[in-house]
>>> print(open('input_26.csv').read())   # CSV, C-alpha atoms
chain,number,residue,atom,x,y,z
N,1,MET,CA,-143.0,-20.6,242.6
N,2,HIS,CA,-141.2,-19.8,239.4
N,3,GLU,CA,-138.5,-18.3,241.7
N,4,TRP,CA,-137.2,-21.9,241.8
N,5,ALA,CA,-136.5,-21.9,238.1
N,6,LEU,CA,-134.4,-18.7,238.4
N,7,ALA,CA,-132.7,-20.0,241.5
N,8,GLU,CA,-131.6,-23.1,239.5
N,9,ALA,CA,-130.4,-20.7,236.8
N,10,VAL,CA,-128.3,-18.7,239.3
N,11,ILE,CA,-126.6,-21.8,240.7
N,12,ALA,CA,-125.9,-23.2,237.2
N,13,THR,CA,-124.4,-19.9,236.2
N,14,ALA,CA,-122.3,-19.6,239.4
N,15,LYS,CA,-120.9,-23.1,238.8
N,16,ARG,CA,-120.0,-22.2,235.2
N,17,ALA,CA,-118.4,-19.0,236.3
N,18,ALA,CA,-116.5,-20.7,239.1
N,19,HIS,CA,-115.0,-23.2,236.5
N,20,GLU,CA,-114.1,-20.3,234.2
N,21,GLN,CA,-112.3,-18.5,237.1
N,22,ASN,CA,-110.6,-21.7,238.3
N,23,LEU,CA,-112.3,-21.5,241.7
N,24,ARG,CA,-112.0,-24.6,243.9
N,25,ARG,CA,-114.8,-23.5,246.2
N,26,VAL,CA,-117.4,-20.7,245.9
N,27,THR,CA,-117.8,-18.8,249.3
N,28,GLU,CA,-120.2,-16.0,248.3
N,29,ILE,CA,-122.7,-15.4,245.6
N,30,THR,CA,-124.1,-11.9,245.2
N,31,VAL,CA,-127.4,-11.8,243.4
N,32,LYS,CA,-129.0,-8.5,242.3
N,33,LEU,CA,-132.8,-8.5,242.3
N,34,GLY,CA,-134.3,-6.0,239.9
N,35,GLU,CA,-137.5,-4.5,241.2
N,36,LEU,CA,-139.5,-4.9,238.0
N,37,GLN,CA,-139.5,-8.7,238.2
N,38,GLN,CA,-141.0,-8.6,241.8
N,39,ILE,CA,-139.1,-11.7,243.0
N,40,GLU,CA,-140.5,-13.1,246.3
N,41,ARG,CA,-137.2,-12.8,248.1
N,42,GLU,CA,-138.0,-15.3,250.9
N,43,ILE,CA,-139.0,-18.0,248.4
N,44,PHE,CA,-136.0,-17.2,246.2
N,45,ALA,CA,-133.6,-17.3,249.2
N,46,PHE,CA,-135.2,-20.6,250.4
N,47,ALA,CA,-134.9,-22.1,246.9
N,48,LEU,CA,-131.3,-21.1,246.6
N,49,GLU,CA,-130.5,-22.5,250.0
N,50,HIS,CA,-132.2,-25.8,249.3
N,51,ILE,CA,-130.5,-26.2,245.9
N,52,LEU,CA,-127.1,-25.2,247.3
N,53,GLY,CA,-127.5,-27.8,250.0
N,54,GLN,CA,-127.9,-30.6,247.4
N,55,GLU,CA,-125.1,-29.3,245.1
N,56,ASP,CA,-121.5,-30.5,244.8
N,57,PRO,CA,-118.8,-29.1,247.1
N,58,LEU,CA,-117.9,-26.4,244.6
N,59,VAL,CA,-120.8,-24.3,245.7
N,60,ARG,CA,-122.4,-26.2,248.6
N,61,GLY,CA,-121.4,-23.9,251.5
N,62,ALA,CA,-121.7,-20.6,249.6
N,63,LYS,CA,-123.4,-17.7,251.3
N,64,VAL,CA,-125.9,-15.8,249.2
N,65,VAL,CA,-126.0,-12.0,249.4
N,66,PHE,CA,-128.9,-10.0,247.9
N,67,GLU,CA,-128.8,-6.5,246.5
N,68,THR,CA,-131.9,-4.9,245.3
N,69,GLU,CA,-132.2,-2.4,242.4
N,70,ARG,CA,-135.1,0.0,241.9
N,71,ALA,CA,-136.7,-0.3,238.5
N,72,GLN,CA,-136.2,2.8,236.4
N,73,PHE,CA,-137.6,3.6,232.9
N,74,ARG,CA,-136.7,6.1,230.2
N,75,CYS,CA,-139.0,7.1,227.4
N,76,ARG,CA,-137.3,6.9,224.0
N,77,VAL,CA,-139.7,9.5,222.5
N,78,CYS,CA,-139.7,12.3,225.1
N,79,HIS,CA,-136.8,11.1,227.3
N,80,PHE,CA,-138.9,11.3,230.5
N,81,GLU,CA,-137.6,9.1,233.3
N,82,TRP,CA,-139.8,7.4,236.0
N,83,ALA,CA,-139.8,4.7,238.6
N,84,PHE,CA,-141.8,1.5,238.8
N,85,GLU,CA,-145.2,1.8,240.6
N,86,THR,CA,-147.6,-1.1,240.9
N,87,GLU,CA,-150.5,1.0,242.4
N,88,ASN,CA,-152.3,1.4,239.1
N,89,LEU,CA,-151.6,-2.1,237.8
N,90,SER,CA,-153.9,-5.1,238.4
N,91,SER,CA,-152.6,-8.3,240.1
N,92,GLU,CA,-152.9,-10.1,236.7
N,93,ILE,CA,-150.7,-7.5,235.1
N,94,THR,CA,-148.0,-7.4,237.8
N,95,GLU,CA,-148.0,-11.2,237.7
N,96,ALA,CA,-147.5,-11.2,234.0
N,97,ILE,CA,-144.6,-8.8,234.4
N,98,HIS,CA,-143.2,-11.0,237.2
N,99,PHE,CA,-143.0,-13.9,234.7
N,100,ILE,CA,-141.7,-11.9,231.7
N,101,PRO,CA,-140.6,-8.4,232.7
N,102,GLU,CA,-140.8,-7.2,229.0
N,103,ILE,CA,-144.6,-7.6,229.3
N,104,ALA,CA,-144.3,-4.1,231.0
N,105,HIS,CA,-144.3,-2.8,227.4
N,106,THR,CA,-147.8,-4.2,226.9
N,107,TYR,CA,-149.4,-2.6,229.9
N,108,MET,CA,-147.3,0.4,230.9
N,109,ARG,CA,-146.9,3.7,229.1
N,110,CYS,CA,-144.7,6.8,229.5
N,111,PRO,CA,-146.5,8.9,232.1
N,112,ARG,CA,-145.7,12.1,230.1
N,113,CYS,CA,-146.3,11.2,226.5
N,114,HIS,CA,-148.0,7.8,226.8
N,115,SER,CA,-145.6,6.1,224.5
N,116,PRO,CA,-144.9,2.3,224.9
N,117,ASP,CA,-141.5,2.9,223.5
N,118,PHE,CA,-139.4,3.1,226.7
N,119,GLU,CA,-136.3,1.5,228.0
N,120,VAL,CA,-135.9,-0.4,231.3
N,121,ILE,CA,-132.7,1.4,232.3
N,122,ALA,CA,-132.3,-0.3,235.7
N,123,GLY,CA,-133.8,-3.1,237.8
N,124,ARG,CA,-135.2,-5.5,235.2
N,125,GLY,CA,-134.7,-8.9,236.9
N,126,VAL,CA,-132.3,-11.4,238.4
N,127,TRP,CA,-128.6,-10.9,237.8
N,128,LEU,CA,-125.5,-12.7,239.1
N,129,ALA,CA,-123.6,-9.7,240.3
N,130,ALA,CA,-120.4,-11.2,241.9
N,131,LEU,CA,-118.8,-14.4,243.0
N,132,LYS,CA,-116.2,-14.9,245.7
N,133,GLY,CA,-114.2,-18.0,246.2
N,134,GLU,CA,-111.0,-19.9,246.9
N,135,GLU,CA,-108.6,-20.9,244.1
S,1,MET,CA,-123.8,-12.0,234.5
S,2,ASP,CA,-127.1,-13.1,233.1
S,3,PRO,CA,-128.0,-16.2,235.1
S,4,ARG,CA,-130.6,-17.5,232.6
S,5,ILE,CA,-128.6,-18.6,229.7
S,6,ALA,CA,-126.8,-21.5,231.6
S,7,ILE,CA,-130.1,-23.2,232.5
S,8,ILE,CA,-131.7,-23.2,229.0
S,9,SER,CA,-130.0,-26.3,227.8
S,10,GLU,CA,-131.2,-28.1,231.0
S,11,ARG,CA,-134.8,-26.9,230.3
S,12,LEU,CA,-134.6,-28.3,226.7
S,13,LYS,CA,-133.2,-31.7,227.8
S,14,PRO,CA,-136.5,-33.6,227.9
S,15,ILE,CA,-137.0,-32.7,224.2
S,16,LYS,CA,-135.8,-35.2,221.5
S,17,LYS,CA,-136.2,-32.9,218.5
S,18,ILE,CA,-136.9,-29.3,217.9
S,19,ILE,CA,-138.5,-28.3,214.6
S,20,ALA,CA,-138.6,-24.6,213.8
S,21,VAL,CA,-141.3,-23.7,211.3
S,22,ALA,CA,-140.1,-20.5,209.5
S,23,ALA,CA,-140.5,-18.5,206.4
S,24,GLY,CA,-138.6,-15.3,206.6
S,25,LYS,CA,-141.9,-13.8,205.4
S,26,GLY,CA,-145.3,-13.2,206.9
S,27,GLY,CA,-148.6,-14.4,205.6
S,28,VAL,CA,-147.5,-17.7,204.0
S,29,GLY,CA,-149.1,-19.9,206.7
S,30,LYS,CA,-146.3,-20.7,209.0
S,31,SER,CA,-148.5,-20.7,212.1
S,32,THR,CA,-151.1,-22.9,210.4
S,33,VAL,CA,-148.4,-25.3,209.3
S,34,ALA,CA,-146.7,-25.3,212.7
S,35,THR,CA,-149.9,-25.9,214.6
S,36,GLY,CA,-151.2,-28.4,212.1
S,37,LEU,CA,-147.9,-30.3,212.3
S,38,ALA,CA,-148.1,-30.4,216.1
S,39,LEU,CA,-151.7,-31.7,215.9
S,40,VAL,CA,-151.0,-34.4,213.4
S,41,LEU,CA,-147.9,-35.6,215.2
S,42,ALA,CA,-149.9,-35.7,218.5
S,43,GLU,CA,-152.6,-37.7,216.6
S,44,MET,CA,-149.9,-40.1,215.5
S,45,GLY,CA,-149.1,-40.8,219.2
S,46,TYR,CA,-146.0,-38.6,219.5
S,47,ARG,CA,-145.5,-36.4,222.6
S,48,VAL,CA,-145.5,-32.9,221.2
S,49,GLY,CA,-145.0,-29.4,222.4
S,50,LEU,CA,-145.8,-26.1,220.5
S,51,LEU,CA,-143.9,-22.9,221.2
S,52,ASP,CA,-145.1,-19.7,219.6
S,53,LEU,CA,-142.2,-17.3,219.2
S,54,ASP,CA,-144.1,-14.8,217.1
S,55,PHE,CA,-144.3,-12.3,219.9
S,56,TYR,CA,-145.7,-9.5,217.7
S,57,GLY,CA,-148.4,-11.6,216.1
S,58,PRO,CA,-149.0,-14.8,218.1
S,59,SER,CA,-151.7,-16.8,216.4
S,60,THR,CA,-151.2,-20.5,217.1
S,61,HIS,CA,-153.6,-20.1,220.1
S,62,VAL,CA,-156.3,-19.0,217.6
S,63,ILE,CA,-155.8,-22.1,215.5
S,64,LEU,CA,-155.8,-24.4,218.5
S,65,GLY,CA,-158.9,-22.7,219.9
S,66,LEU,CA,-157.3,-22.0,223.3
S,67,SER,CA,-160.0,-21.4,225.8
S,68,GLU,CA,-159.9,-18.2,227.9
S,69,GLY,CA,-158.6,-18.7,231.4
S,70,ILE,CA,-156.2,-21.5,230.6
S,71,GLN,CA,-152.8,-20.6,232.0
S,72,PRO,CA,-149.5,-22.3,232.7
S,73,THR,CA,-149.2,-23.8,236.2
S,74,GLU,CA,-146.3,-22.9,238.5
S,75,GLU,CA,-144.1,-25.8,239.5
S,76,ARG,CA,-140.5,-24.8,240.0
S,77,GLY,CA,-140.9,-22.8,236.9
S,78,ILE,CA,-143.9,-22.6,234.5
S,79,VAL,CA,-145.5,-25.8,233.1
S,80,PRO,CA,-147.2,-25.3,229.8
S,81,PRO,CA,-150.9,-26.5,229.8
S,82,THR,CA,-151.8,-29.4,227.5
S,83,VAL,CA,-154.2,-28.2,224.8
S,84,HIS,CA,-155.6,-30.8,222.5
S,85,GLY,CA,-152.8,-33.2,223.4
S,86,ILE,CA,-150.1,-30.6,222.9
S,87,GLU,CA,-148.0,-28.9,225.5
S,88,PHE,CA,-148.6,-25.3,224.5
S,89,MET,CA,-146.5,-22.2,225.3
S,90,SER,CA,-147.1,-18.7,224.1
S,91,ILE,CA,-146.6,-15.1,225.2
S,92,VAL,CA,-150.4,-14.7,224.8
S,93,TYR,CA,-150.9,-16.2,228.3
S,94,TYR,CA,-149.4,-12.9,229.5
S,95,THR,CA,-150.4,-10.3,226.9
S,96,GLY,CA,-153.9,-11.5,226.2
S,97,LYS,CA,-155.4,-9.6,223.2
S,98,ASN,CA,-153.0,-6.6,223.8
S,99,PRO,CA,-150.1,-5.7,221.6
S,100,ALA,CA,-146.5,-6.3,222.7
S,101,PRO,CA,-144.5,-3.4,221.3
S,102,LEU,CA,-141.0,-4.8,221.9
S,103,ARG,CA,-137.7,-3.6,220.5
S,104,GLY,CA,-135.0,-6.2,219.6
S,105,SER,CA,-133.2,-6.3,223.0
S,106,ASP,CA,-136.6,-6.8,224.7
S,107,LEU,CA,-137.5,-9.6,222.3
S,108,THR,CA,-134.3,-11.3,223.2
S,109,ASN,CA,-134.9,-10.9,226.9
S,110,ALA,CA,-138.4,-12.1,226.7
S,111,LEU,CA,-137.3,-15.2,224.7
S,112,ILE,CA,-134.5,-16.0,227.1
S,113,GLU,CA,-136.8,-15.6,230.1
S,114,LEU,CA,-139.4,-17.9,228.5
S,115,LEU,CA,-136.8,-20.6,227.7
S,116,ALA,CA,-135.3,-20.3,231.1
S,117,ILE,CA,-138.5,-20.8,233.1
S,118,THR,CA,-140.6,-23.1,230.9
S,119,ARG,CA,-140.5,-26.7,232.1
S,120,TRP,CA,-141.4,-29.0,229.2
S,121,GLY,CA,-142.3,-32.6,229.7
S,122,GLU,CA,-140.7,-35.5,227.9
S,123,LEU,CA,-141.3,-34.6,224.3
S,124,ASP,CA,-140.6,-36.4,221.0
S,125,PHE,CA,-141.0,-33.1,219.1
S,126,LEU,CA,-141.1,-29.4,220.0
S,127,ILE,CA,-142.6,-27.4,217.1
S,128,VAL,CA,-141.6,-23.8,217.2
S,129,ASP,CA,-143.7,-21.2,215.3
S,130,MET,CA,-141.0,-18.7,214.3
S,131,PRO,CA,-141.7,-15.0,213.6
S,132,PRO,CA,-141.4,-13.7,210.1
S,133,GLY,CA,-138.0,-12.2,209.1
S,134,LEU,CA,-134.4,-12.9,209.9
S,135,GLY,CA,-134.3,-10.6,212.9
S,136,ASP,CA,-133.5,-10.9,216.6
S,137,THR,CA,-135.8,-13.8,217.5
S,138,THR,CA,-134.8,-15.9,214.5
S,139,LEU,CA,-131.1,-15.4,215.3
S,140,ASP,CA,-131.8,-16.0,219.1
S,141,ALA,CA,-133.7,-19.2,218.3
S,142,ILE,CA,-130.7,-20.5,216.2
S,143,ARG,CA,-128.4,-19.5,219.1
S,144,LEU,CA,-130.4,-20.8,222.0
S,145,LEU,CA,-132.4,-23.8,220.8
S,146,LYS,CA,-130.8,-27.2,220.9
S,147,ASN,CA,-129.8,-28.3,217.4
S,148,PRO,CA,-133.0,-27.1,215.8
S,149,SER,CA,-134.0,-28.3,212.3
S,150,PHE,CA,-136.0,-26.0,210.1
S,151,LEU,CA,-139.1,-26.6,208.1
S,152,VAL,CA,-139.4,-23.8,205.6
S,153,VAL,CA,-142.8,-22.5,204.4
S,154,THR,CA,-143.4,-20.5,201.2
S,155,THR,CA,-146.3,-20.0,198.9
S,156,PRO,CA,-146.2,-20.4,195.1
S,157,SER,CA,-145.8,-16.7,194.7
S,158,ARG,CA,-142.5,-15.4,193.4
S,159,ILE,CA,-142.7,-12.7,196.1
S,160,ALA,CA,-142.6,-15.4,198.8
S,161,TYR,CA,-139.9,-17.3,197.0
S,162,GLU,CA,-137.7,-14.2,196.8
S,163,THR,CA,-137.7,-13.8,200.6
S,164,VAL,CA,-137.8,-17.4,201.6
S,165,SER,CA,-134.7,-18.1,199.4
S,166,LYS,CA,-132.8,-15.7,201.7
S,167,LEU,CA,-133.8,-17.7,204.8
S,168,ILE,CA,-132.7,-20.9,203.0
S,169,ALA,CA,-129.4,-19.3,202.1
S,170,LEU,CA,-128.8,-18.3,205.7
S,171,LEU,CA,-129.6,-21.7,207.1
S,172,SER,CA,-127.4,-23.4,204.5
S,173,GLU,CA,-124.5,-21.1,205.3
S,174,LEU,CA,-124.9,-22.0,209.0
S,175,ASN,CA,-125.2,-25.7,208.3
S,176,ILE,CA,-128.6,-25.9,209.9
S,177,PRO,CA,-130.6,-28.9,208.7
S,178,ILE,CA,-133.7,-28.1,206.6
S,179,LEU,CA,-136.2,-30.9,206.9
S,180,GLY,CA,-138.4,-29.7,204.1
S,181,ILE,CA,-139.6,-26.8,202.0
S,182,ILE,CA,-143.3,-26.6,202.0
S,183,GLU,CA,-145.1,-24.8,199.3
S,184,ASN,CA,-148.3,-23.8,201.0
S,185,MET,CA,-151.7,-22.6,199.6
S,186,ARG,CA,-151.0,-24.2,196.2
S,187,ARG,CA,-153.8,-24.1,193.7
S,188,PRO,CA,-154.0,-26.3,190.6
S,189,SER,CA,-153.5,-23.3,188.3
S,190,ASP,CA,-150.2,-22.3,190.0
S,191,ARG,CA,-147.0,-22.5,187.9
S,192,ALA,CA,-144.7,-25.5,188.3
S,193,ARG,CA,-142.3,-25.4,191.1
S,194,SER,CA,-138.7,-24.7,190.1
S,195,ALA,CA,-136.6,-22.6,192.4
S,196,PHE,CA,-135.8,-24.9,195.3
S,197,ASP,CA,-134.2,-28.3,196.0
S,198,MET,CA,-136.9,-30.7,194.8
S,199,ARG,CA,-135.7,-33.4,197.2
S,200,LEU,CA,-137.0,-31.3,200.0
S,201,GLY,CA,-140.1,-29.9,198.2
S,202,GLU,CA,-143.5,-30.6,199.7
S,203,GLU,CA,-146.9,-29.2,198.7
S,204,LEU,CA,-149.9,-28.2,200.7
S,205,PRO,CA,-153.1,-27.3,198.9
S,206,PHE,CA,-155.1,-24.0,199.2
S,207,ASP,CA,-158.0,-25.4,201.2
S,208,GLU,CA,-161.3,-23.5,201.1
S,209,GLY,CA,-162.5,-25.2,204.2
S,210,LEU,CA,-159.5,-24.4,206.4
S,211,GLU,CA,-160.6,-20.9,207.6
S,212,ASP,CA,-163.8,-22.3,209.1
S,213,ALA,CA,-161.8,-25.1,210.9
S,214,LEU,CA,-159.5,-22.6,212.7
S,215,GLY,CA,-160.1,-22.9,216.4
S,216,ASP,CA,-161.6,-26.3,216.1
S,217,PRO,CA,-158.8,-28.9,216.1
S,218,GLU,CA,-161.2,-31.9,215.5
S,219,ARG,CA,-162.5,-30.2,212.4
S,220,PHE,CA,-159.1,-29.0,211.4
S,221,LEU,CA,-157.8,-32.6,211.4
S,222,GLN,CA,-160.5,-33.5,208.9
S,223,THR,CA,-159.5,-31.0,206.3
S,224,GLU,CA,-157.7,-31.7,203.0
S,225,PHE,CA,-154.9,-29.5,204.4
S,226,ALA,CA,-154.4,-31.8,207.4
S,227,ARG,CA,-154.6,-35.0,205.3
S,228,ARG,CA,-151.7,-33.7,203.2
S,229,LEU,CA,-149.9,-32.5,206.3
S,230,ARG,CA,-149.9,-36.1,207.6
S,231,GLU,CA,-148.1,-37.2,204.5
S,232,VAL,CA,-145.6,-34.3,204.9
S,233,ALA,CA,-145.1,-35.3,208.5
S,234,LEU,CA,-144.4,-38.9,207.5
S,235,THR,CA,-141.8,-37.7,205.0
S,236,ILE,CA,-140.0,-35.4,207.4
S,237,ILE,CA,-140.0,-37.5,210.5
S,238,PRO,CA,-137.3,-39.8,209.1
S,239,ARG,CA,-135.3,-36.8,208.0
S,240,SER,CA,-135.5,-35.4,211.5
S,241,ARG,CA,-133.7,-38.5,212.9
S,242,SER,CA,-130.8,-38.4,210.5
>>> encode(input="input_26.csv", output="structure tokens")
Amino acid sequence: MHEWALAEAVIATAKRAAHEQNLRRVTEITVKLGELQQIEREIFAFALEHILGQEDPLVRGAKVVFETERAQFRCRVCHFEWAFETENLSSEITEAIHFIPEIAHTYMRCPRCHSPDFEVIAGRGVWLAALKGEE
Amino acid sequence: MDPRIAIISERLKPIKKIIAVAAGKGGVGKSTVATGLALVLAEMGYRVGLLDLDFYGPSTHVILGLSEGIQPTEERGIVPPTVHGIEFMSIVYYTGKNPAPLRGSDLTNALIELLAITRWGELDFLIVDMPPGLGDTTLDAIRLLKNPSFLVVTTPSRIAYETVSKLIALLSELNIPILGIIENMRRPSDRARSAFDMRLGEELPFDEGLEDALGDPERFLQTEFARRLREVALTIIPRSRS
């Protein structure tokens, strides 16, 4: 249920951004979900809806749109690029990566040269991608 | 836009005072001082949390004697387990005994994630065990933690003084309060202190019995080190309120 913590973070950030953009009302919040963090989309959507329902009118009626992004890695040593696969990872490891995606560096290695020195070039975690509203 | 930054101040709201235990250098006993301080403050009846930010070499769990299998619980975030009266958070819950080979941007991301999802209880003090050096995590902690005060640890060695003085210079330049400068592992034969502000200078002895007490907080609290640390705590608590 740590999706709730991230849902609260998204709403707090949307409110802050709305103030900065002088929006009177937020109508749509686009959230990008990076595959590596393995967010439970249903729980996350439920949490966002629940929190939005209790928020002030600035964001209360906002629609949430999700975009998903595949996780992609690039090795800094041999430059090999690969996608995230959970098949060879235990549930304990995928859960640890779910809480802190950087833990991937503890358990994953470049499939070609076995280096832990790789970049997450796409799909790390939760990102507030866009905000629509009325001024 | 990164959604996590905006929620960090909310997560730190239940904490009255954050004390970062730092040295700018490894091997001077930061983690032992940080964990010991958390233990003696909890013993005094304060509500205390301990956050290990030394992602490369977390060790406060060793000093606390964290049992295997203890994990944070999930409750609208992650709730740190209470270990020997201390709310305890460390990356070790997720890395276990394995290394965490992280570059700077990864360290920053991991720290932001941890601060954004950890739900602390009402705390009088959050003690933060800082990593050695003046790198990403130290700068991030200064940026993200709520008005932290620093407790600086050195040893009597000139080598430690040389590096620790740079941390003190940085903190002074940034107007960050320094609660005390602890000279750790002091032996009777060590030269007299001289380099730092004596009003803030505290001493902790080199305690032969300390190594055997690591992992056993009851025994740890009976050491000469802990006895002196109580006195240091009583000195710095009033400073933390000013």
>>> interface_residues(input="input_26.csv", of="chain N", to="chain S", cutoff="9 Å", atoms="all atoms listed in the file", output="MDAnalysis selection string")
chainID N and resid 1:14 16 92:93 95:97 99:107 116:117 119 126:130
>>> atom_distance(input="input_26.csv", atom1="CA of Phe88 in chain S", atom2="CA of Asn175 in chain S")
28.5 Å
>>> atom_distance(input="input_26.csv", atom1="CA of Leu214 in chain S", atom2="CA of Phe55 in chain S")
19.7 Å
>>> residues_around(input="input_26.csv", residues="Gly85 in chain S", least_positions_apart="2", cutoff="10 Å", atoms="only C-alpha atoms", output="list in words")
Ala38, Leu39, Leu41, Ala42, Glu43, Gly45, Tyr46, Arg47, Val48, Gly49, Pro81, Thr82, Val83, Glu87 and Phe88 of chain S
>>> atom_distance(input="input_26.csv", atom1="CA of Lys132 in chain N", atom2="CA of Thr27 in chain N")
5.5 Å
